[in-house]
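Colleague: Below is protein01.txt; it holds compact mmCIF, C-alpha atoms.
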```txt
# COMPACT_ATOMS: atom_id res chain seq x y z
CA VAL D 15 123.69 47.54 91.44
CA MET D 16 120.28 48.51 92.77
CA TYR D 17 118.44 45.48 91.38
CA GLY D 18 121.26 43.04 92.07
CA GLY D 19 121.80 44.25 95.63
CA ALA D 20 118.09 44.37 96.41
CA THR D 21 117.64 40.83 95.06
CA VAL D 22 120.47 39.47 97.19
CA ILE D 23 119.10 41.18 100.31
CA ALA D 24 115.61 39.81 99.60
CA CYS D 25 117.01 36.29 99.25
CA GLY D 26 118.91 36.71 102.52
CA VAL D 27 115.75 37.89 104.29
CA ALA D 28 113.84 34.85 103.00
CA VAL D 29 116.58 32.47 104.19
CA HIS D 30 116.73 34.09 107.62
CA LEU D 31 112.96 34.01 108.06
CA TYR D 32 113.00 30.33 107.14
CA SER D 33 115.71 29.77 109.73
CA LEU D 34 113.68 31.59 112.38
CA SER D 35 110.66 29.41 111.62
CA MET D 36 112.62 26.21 112.22
CA GLY D 37 114.12 26.76 115.65
CA LYS D 38 114.31 28.85 118.78
CA TRP D 39 115.23 32.50 118.68
CA THR D 40 118.52 33.39 120.37
CA ILE D 41 120.09 36.54 121.74
CA ASN D 42 121.90 36.68 118.40
CA THR D 43 118.46 37.04 116.77
CA CYS D 44 118.14 40.36 118.58
CA GLY D 45 121.42 41.42 116.95
CA SER D 46 120.15 40.64 113.47
CA ILE D 47 116.86 42.46 114.14
CA VAL D 48 118.69 45.57 115.37
CA GLY D 49 120.93 45.25 112.32
CA ALA D 50 117.91 45.17 110.03
CA LEU D 51 116.57 48.34 111.71
CA VAL D 52 119.91 50.14 111.28
CA CYS D 53 120.02 49.15 107.60
CA ALA D 54 116.44 50.32 107.07
CA VAL D 55 117.20 53.70 108.65
CA LEU D 56 120.37 54.15 106.59
CA ALA D 57 118.56 53.18 103.40
CA THR D 58 115.67 55.57 104.12
CA PHE D 59 118.00 58.55 104.56
CA ALA D 60 120.48 57.57 101.82
CA LEU D 61 117.79 57.08 99.16
CA GLN D 62 116.43 60.59 99.68
CA LYS D 63 119.22 61.61 97.32
CA HIS D 64 119.36 58.62 95.02
CA THR D 65 122.81 58.21 93.48
CA LEU D 66 124.99 55.25 92.68
CA PHE D 67 127.12 56.10 95.73
CA CYS D 68 124.20 55.74 98.15
CA TRP D 69 124.14 52.01 97.42
CA HIS D 70 127.62 51.60 98.86
CA PRO D 71 126.63 52.29 102.51
CA ILE D 72 123.25 50.58 102.02
CA LEU D 73 124.70 47.34 100.69
CA MET D 74 127.79 47.17 102.89
CA SER D 75 125.75 47.78 106.04
CA ALA D 76 123.12 45.24 104.94
CA ALA D 77 125.82 42.66 104.23
CA THR D 78 127.42 43.09 107.65
CA LEU D 79 124.76 44.21 110.11
CA TYR D 80 121.97 42.04 108.77
CA LEU D 81 123.10 39.21 106.48
CA ALA D 82 126.30 38.29 108.32
CA ALA D 83 124.64 38.87 111.71
CA GLY D 84 121.71 36.73 110.57
CA ALA D 85 124.09 34.00 109.46
CA ILE D 86 125.68 34.00 112.94
CA ASP D 87 122.21 33.79 114.46
CA THR D 88 121.31 30.90 112.15
CA ILE D 89 124.35 28.76 112.90
CA ASN D 90 123.91 29.34 116.63
CA ARG D 91 120.29 28.18 116.41
CA ARG D 92 121.39 24.62 115.62
CA ARG D 93 122.54 24.25 119.25
CA SER D 94 118.91 24.16 120.38
CA MET D 95 118.08 21.34 117.95
CA MET D 96 118.21 17.68 118.89
CA ASP D 97 117.95 16.10 115.44
CA VAL D 98 120.90 15.95 113.05
CA LYS D 99 118.75 16.89 110.06
CA GLY D 100 117.81 20.20 111.70
CA LYS D 101 121.43 20.97 112.57
CA VAL D 102 122.47 20.27 108.97
CA ARG D 103 119.74 22.54 107.67
CA MET D 104 120.95 25.40 109.89
CA ALA D 105 124.51 24.90 108.61
CA GLN D 106 123.24 25.06 105.03
CA LEU D 107 121.24 28.22 105.70
CA HIS D 108 124.27 29.77 107.44
CA TRP D 109 126.29 29.10 104.30
CA LEU D 110 123.61 30.65 102.05
CA MET D 111 123.41 33.80 104.19
CA MET D 112 127.18 34.24 104.24
CA ASP D 113 127.27 33.85 100.45
CA SER D 114 124.49 36.45 100.22
CA ALA D 115 126.56 38.78 102.38
CA LEU D 116 129.57 38.30 100.09
CA LEU D 117 127.52 39.08 96.97
CA CYS D 118 126.04 42.13 98.69
CA MET D 119 129.54 43.37 99.53
CA GLY D 120 130.54 42.84 95.91
CA PHE D 121 127.73 45.09 94.67
CA GLY D 122 128.59 47.64 97.35
CA MET D 123 132.24 47.71 96.32
CA TYR D 124 131.29 48.07 92.66
CA ALA D 125 129.05 51.03 93.53
CA ILE D 126 131.84 53.02 95.19
CA TYR D 127 134.41 52.06 92.55
CA LYS D 128 132.21 53.24 89.69
CA THR D 129 131.17 56.37 91.57
CA LYS D 130 134.76 57.59 91.89
CA ASN D 131 135.50 56.83 88.23
CA LYS D 132 139.21 57.50 88.72
CA PRO D 133 142.43 55.71 87.74
CA LEU D 134 143.26 52.70 89.90
CA LYS D 135 146.02 54.56 91.78
CA GLN D 136 143.40 57.02 93.06
CA HIS D 137 141.37 54.25 94.69
CA PHE D 138 141.93 52.78 98.17
CA THR D 139 143.65 55.85 99.56
CA SER D 140 141.78 56.18 102.88
CA ALA D 141 141.92 54.40 106.22
CA HIS D 142 138.30 53.35 105.64
CA SER D 143 139.15 51.64 102.36
CA TRP D 144 142.19 49.88 103.83
CA ALA D 145 140.17 48.59 106.77
CA GLY D 146 137.47 47.48 104.35
CA LEU D 147 139.93 45.56 102.20
CA LEU D 148 141.35 43.81 105.26
CA ALA D 149 137.83 42.95 106.41
CA LEU D 150 136.92 41.54 102.98
CA LEU D 151 140.13 39.51 102.92
CA LEU D 152 139.38 38.00 106.34
CA PHE D 153 135.77 37.36 105.31
CA GLY D 154 136.86 35.61 102.12
CA LEU D 155 139.41 33.46 103.94
CA SER D 156 136.79 32.45 106.50
CA LEU D 157 134.41 31.44 103.71
CA MET D 158 137.15 29.45 102.01
CA ALA D 159 137.92 27.63 105.27
CA GLY D 160 134.25 26.81 105.66
CA GLY D 161 134.06 25.55 102.09
CA SER D 162 137.17 23.44 102.58
CA ASN D 163 135.72 21.77 105.68
CA THR D 164 132.39 21.19 103.95
CA PHE D 165 133.46 20.02 100.51
CA GLY D 166 136.98 18.81 101.27
CA PRO D 167 135.82 15.24 101.99
CA LEU D 168 134.78 14.95 98.34
CA LEU D 169 138.47 14.80 97.43
CA ALA D 170 138.70 11.59 99.46
CA ASN D 171 135.57 10.18 97.82
CA LYS D 172 133.53 10.87 100.93
CA LYS D 173 130.24 12.71 101.44
CA ILE D 174 129.88 16.45 101.89
CA LYS D 175 130.21 17.26 105.57
CA PHE D 176 127.99 20.06 106.88
CA LEU D 177 128.58 19.45 110.58
CA TRP D 178 132.12 20.10 111.74
CA LYS D 179 134.09 22.22 114.21
CA ASP D 180 137.03 24.38 113.19
CA ALA D 181 138.52 26.93 115.59
CA GLY D 182 140.31 28.66 112.71
CA HIS D 183 137.06 29.23 110.82
CA ARG D 184 135.38 30.52 113.96
CA ILE D 185 138.25 32.87 114.89
CA GLY D 186 138.66 34.06 111.30
CA GLY D 187 134.95 34.74 111.03
CA ALA D 188 134.96 36.67 114.31
CA MET D 189 137.91 38.77 113.13
CA ALA D 190 136.19 39.46 109.80
CA PHE D 191 132.91 40.48 111.47
CA THR D 192 134.82 42.73 113.88
CA MET D 193 136.70 44.47 111.07
CA LEU D 194 133.56 44.84 108.95
CA THR D 195 131.69 46.48 111.83
CA LEU D 196 134.59 48.81 112.63
CA THR D 197 134.87 49.75 108.96
CA ILE D 198 131.19 50.69 108.84
CA MET D 199 131.48 52.76 112.01
CA GLY D 200 134.63 54.44 110.70
CA GLY D 201 132.94 55.20 107.39
CA LEU D 202 130.10 56.87 109.23
CA TYR D 203 132.40 58.90 111.49
CA ASN D 204 135.17 60.37 109.36
CA LYS D 205 136.92 60.22 106.00
CA ILE D 206 140.62 59.81 106.74
CA VAL D 207 142.54 60.15 103.47
CA LEU D 208 146.08 58.86 103.93
CA LEU D 209 147.25 59.15 100.32
CA PRO D 210 145.77 62.44 99.04
CA GLU D 211 147.86 62.28 95.84
CA GLY D 212 147.13 58.61 95.27
CA TRP D 213 149.49 55.65 95.29
CA GLY D 214 153.05 56.83 94.74
CA GLY D 215 152.45 60.05 96.67
CA PRO D 216 153.37 60.84 100.29
CA LEU D 217 151.58 59.21 103.22
CA THR D 218 149.74 61.90 105.19
CA ILE D 219 148.15 61.67 108.64
CA PRO D 220 145.34 64.28 108.80
CA GLU D 221 145.20 66.39 111.96
CA SER D 222 141.41 66.01 111.98
CA MET D 223 141.42 62.21 111.81
CA PHE D 224 139.74 61.88 115.21
CA VAL D 225 137.18 64.61 114.57
CA GLY D 226 133.80 63.52 113.25
CA GLY D 227 132.66 64.89 109.91
CA ASN D 228 133.63 64.91 106.24
CA THR D 229 131.40 61.95 105.37
CA TRP D 230 128.06 61.53 103.59
CA SER D 231 126.44 60.44 106.87
CA PHE D 232 126.66 63.87 108.55
CA THR D 233 124.74 65.31 105.62
CA SER D 234 122.35 62.50 104.83
CA LEU D 235 121.42 61.57 108.42
CA LYS D 236 120.45 65.20 109.10
CA SER D 237 122.24 65.63 112.46
CA ASP D 238 125.40 64.66 114.33
CA GLN D 239 123.27 62.92 116.95
CA ASN D 240 121.75 60.63 114.31
CA VAL D 241 125.21 59.66 113.10
CA TYR D 242 126.44 58.81 116.58
CA LEU D 243 123.23 56.93 117.39
CA THR D 244 123.64 54.86 114.22
CA MET D 245 127.22 54.07 115.18
CA ILE D 246 126.12 53.00 118.67
CA MET D 247 123.43 50.75 117.20
CA ALA D 248 125.97 49.19 114.84
CA GLY D 249 128.15 48.49 117.86
CA GLY D 250 125.10 46.97 119.55
CA VAL D 251 124.61 44.59 116.62
CA PHE D 252 128.22 43.48 116.98
CA PHE D 253 127.84 43.00 120.75
CA LEU D 254 124.63 40.97 120.47
CA SER D 255 125.93 38.88 117.57
CA PHE D 256 129.43 38.20 118.85
CA PHE D 257 129.68 38.25 122.64
CA PHE D 258 126.74 35.97 123.27
CA LEU D 259 128.00 33.12 121.09
CA HIS D 260 128.51 29.91 123.05
```
Kindly present the structure from the file in structure tokens form.
Modeller:
Amino acid sequence: VMYGGATVIACGVAVHLYSLSMGKWTINTCGSIVGALVCAVLATFALQKHTLFCWHPILMSAATLYLAAGAIDTINRRRSMMDVKGKVRMAQLHWLMMDSALLCMGFGMYAIYKTKNKPLKQHFTSAHSWAGLLALLLFGLSLMAGGSNTFGPLLANKKIKFLWKDAGHRIGGAMAFTMLTLTIMGGLYNKIVLLPEGWGGPLTIPESMFVGGNTWSFTSLKSDQNVYLTMIMAGGVFFLSFFFLH
């Protein structure tokens, strides 16, 4: 998990830096930079107690707040380019960064699954895990839509098409990025277990579901203020990456 996740992140960083060297920086670039800072801070604190679990927040935050945000920045950069070749290159780099984000999420999911080491019915019992599954589903569907638009023409004996417009892909991607960000913020804030006895047991709504605490972040980040600041910065990444798209 550590080597695989770190390799994927390094590849994503290289792709994003290449993208930045080819075109103008955008307001979305600020989002990806803030995202990288948030991920670096989380990794610094989480690795002070190195366990398999610590790679779950590191990799999931890196996948969302940096790799996915960087992919949004990259695809938006093509709007400042006049030549078709440059626009195609940005679309290709966007695709590579989104694939890197998906791989990073996969390693992050594996880390938490192996950490719990419980029967399947004891997994996915919290609001955080349900939101995460929905986010991953939306993310996967958005990637599939992008792949269909790109490689679909091959079925008609035509060339691969990297430049296209699809409102469904754009909306689906926005929904996925929104859910991923909310899932990260929720995971930092509270652990809301809805099925304490696992699948097959009663659904329970904890009285403390709106009270911060009960998560690794309140211990690892040293203070409540650090947790809330990290959540605000994650929200800032979302704002800079999403609301300034045009």
Colleague: Just to confirm, what's the straight-line distance from CA of Leu151 (chain D) to CA of Phe257 (chain D) in Å (one decimal)?
Modeller: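 Going from CA of Leu151 (chain D) over to CA of Phe257 (chain D), I get 22.4 Å.
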Colleague: Which residue, D:Gln62, D:Leu110, D:Trp39, D:Met95, has the smallest gap to Ile23 (chain D) when you use all atoms listed in the file?
Modeller: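 Once distances to Ile23 (chain D) are computed over all atoms listed in the file, the minimum belongs to D:Leu110.
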Colleague: Which polymer residues have any atom within 9 Å of an atom of Lys175 (chain D), counting all atoms listed in the file, with same-chain residues fewer than 5 positions away left out, as a list in words?
Modeller: Val102, Asn163, Thr164, Phe165, Gly166, Pro167 and Leu168 of chain D
Colleague: Using only C-alpha atoms for the distances, tell me which of D:Arg93, D:Gly212, D:Cys53, D:Ile206 is nearest to Asn228 (chain D).
Modeller: D:Ile206
Colleague: In Å, with one decimal, what is the gap from CA of Lys132 (chain D) to CA of Leu209 (chain D)?
Modeller: 14.2 Å
Colleague: How far is it from CA of Lys135 (chain D) to CA of Met123 (chain D), in Å with one decimal?
Modeller: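 Atom-to-atom, CA of Lys135 (chain D) and CA of Met123 (chain D) are spaced 16.0 Å apart.
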Colleague: Excluding Leu157 (chain D) and any residue of its chain fewer than 6 positions from it, enumerate the residues within 9 Å of it, using all atoms listed in the file, and give them as a PDB file with C-alpha atoms, in the coordinates of the input.
Modeller:
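Contents of around_5.pdb, as written:
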```pdb
ATOM      1  CA  TRP D 109     126.290  29.100 104.300  1.00  0.00           C
ATOM      2  CA  MET D 112     127.180  34.240 104.240  1.00  0.00           C
ATOM      3  CA  ASP D 113     127.270  33.850 100.450  1.00  0.00           C
ATOM      4  CA  HIS D 183     137.060  29.230 110.820  1.00  0.00           C
ATOM      5  CA  GLY D 187     134.950  34.740 111.030  1.00  0.00           C
TER       6      GLY D 187
END
```
Colleague: Quick test: take region 196-215 of chain D, keep N, CA and C atoms, and write it as a compact mmCIF listing (two decimals), in the first residue's frame.
Modeller:
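Dumped to part-v5.txt:
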```txt
# COMPACT_ATOMS: atom_id res chain seq x y z
N LEU D 196 -16.90 15.95 0.57
CA LEU D 196 -17.75 15.85 1.76
C LEU D 196 -17.40 14.62 2.59
N THR D 197 -17.06 13.53 1.92
CA THR D 197 -16.68 12.31 2.63
C THR D 197 -15.40 12.52 3.42
N ILE D 198 -14.44 13.21 2.83
CA ILE D 198 -13.19 13.50 3.54
C ILE D 198 -13.46 14.39 4.75
N MET D 199 -14.27 15.42 4.56
CA MET D 199 -14.57 16.33 5.67
C MET D 199 -15.34 15.61 6.77
N GLY D 200 -16.27 14.73 6.36
CA GLY D 200 -17.02 13.95 7.35
C GLY D 200 -16.13 12.99 8.10
N GLY D 201 -15.17 12.37 7.39
CA GLY D 201 -14.25 11.45 8.04
C GLY D 201 -13.34 12.14 9.04
N LEU D 202 -13.03 13.40 8.78
CA LEU D 202 -12.23 14.17 9.72
C LEU D 202 -13.04 14.57 10.95
N TYR D 203 -14.34 14.81 10.75
CA TYR D 203 -15.16 15.41 11.81
C TYR D 203 -15.73 14.42 12.82
N ASN D 204 -16.29 13.33 12.34
CA ASN D 204 -16.96 12.42 13.26
C ASN D 204 -17.08 11.03 12.64
N LYS D 205 -17.19 10.03 13.49
CA LYS D 205 -17.40 8.65 13.06
C LYS D 205 -18.83 8.26 13.42
N ILE D 206 -19.69 8.28 12.44
CA ILE D 206 -21.12 8.02 12.68
C ILE D 206 -21.43 6.57 12.28
N VAL D 207 -21.46 5.68 13.24
CA VAL D 207 -21.74 4.27 12.98
C VAL D 207 -23.24 4.05 12.98
N LEU D 208 -23.78 3.64 11.86
CA LEU D 208 -25.22 3.46 11.72
C LEU D 208 -25.65 2.01 11.93
N LEU D 209 -24.71 1.08 11.75
CA LEU D 209 -25.01 -0.34 11.95
C LEU D 209 -24.00 -0.92 12.93
N PRO D 210 -24.13 -0.63 14.22
CA PRO D 210 -23.13 -1.06 15.21
C PRO D 210 -22.97 -2.57 15.30
N GLU D 211 -24.01 -3.32 14.96
CA GLU D 211 -23.93 -4.79 15.00
C GLU D 211 -23.65 -5.38 13.62
N GLY D 212 -23.38 -4.52 12.65
CA GLY D 212 -23.10 -5.00 11.31
C GLY D 212 -24.38 -5.15 10.50
N TRP D 213 -24.21 -5.58 9.25
CA TRP D 213 -25.36 -5.79 8.37
C TRP D 213 -26.24 -6.91 8.91
N GLY D 214 -27.53 -6.64 8.97
CA GLY D 214 -28.47 -7.59 9.57
C GLY D 214 -28.92 -7.13 10.93
N GLY D 215 -28.18 -6.17 11.53
CA GLY D 215 -28.55 -5.62 12.82
C GLY D 215 -29.40 -4.38 12.65
```
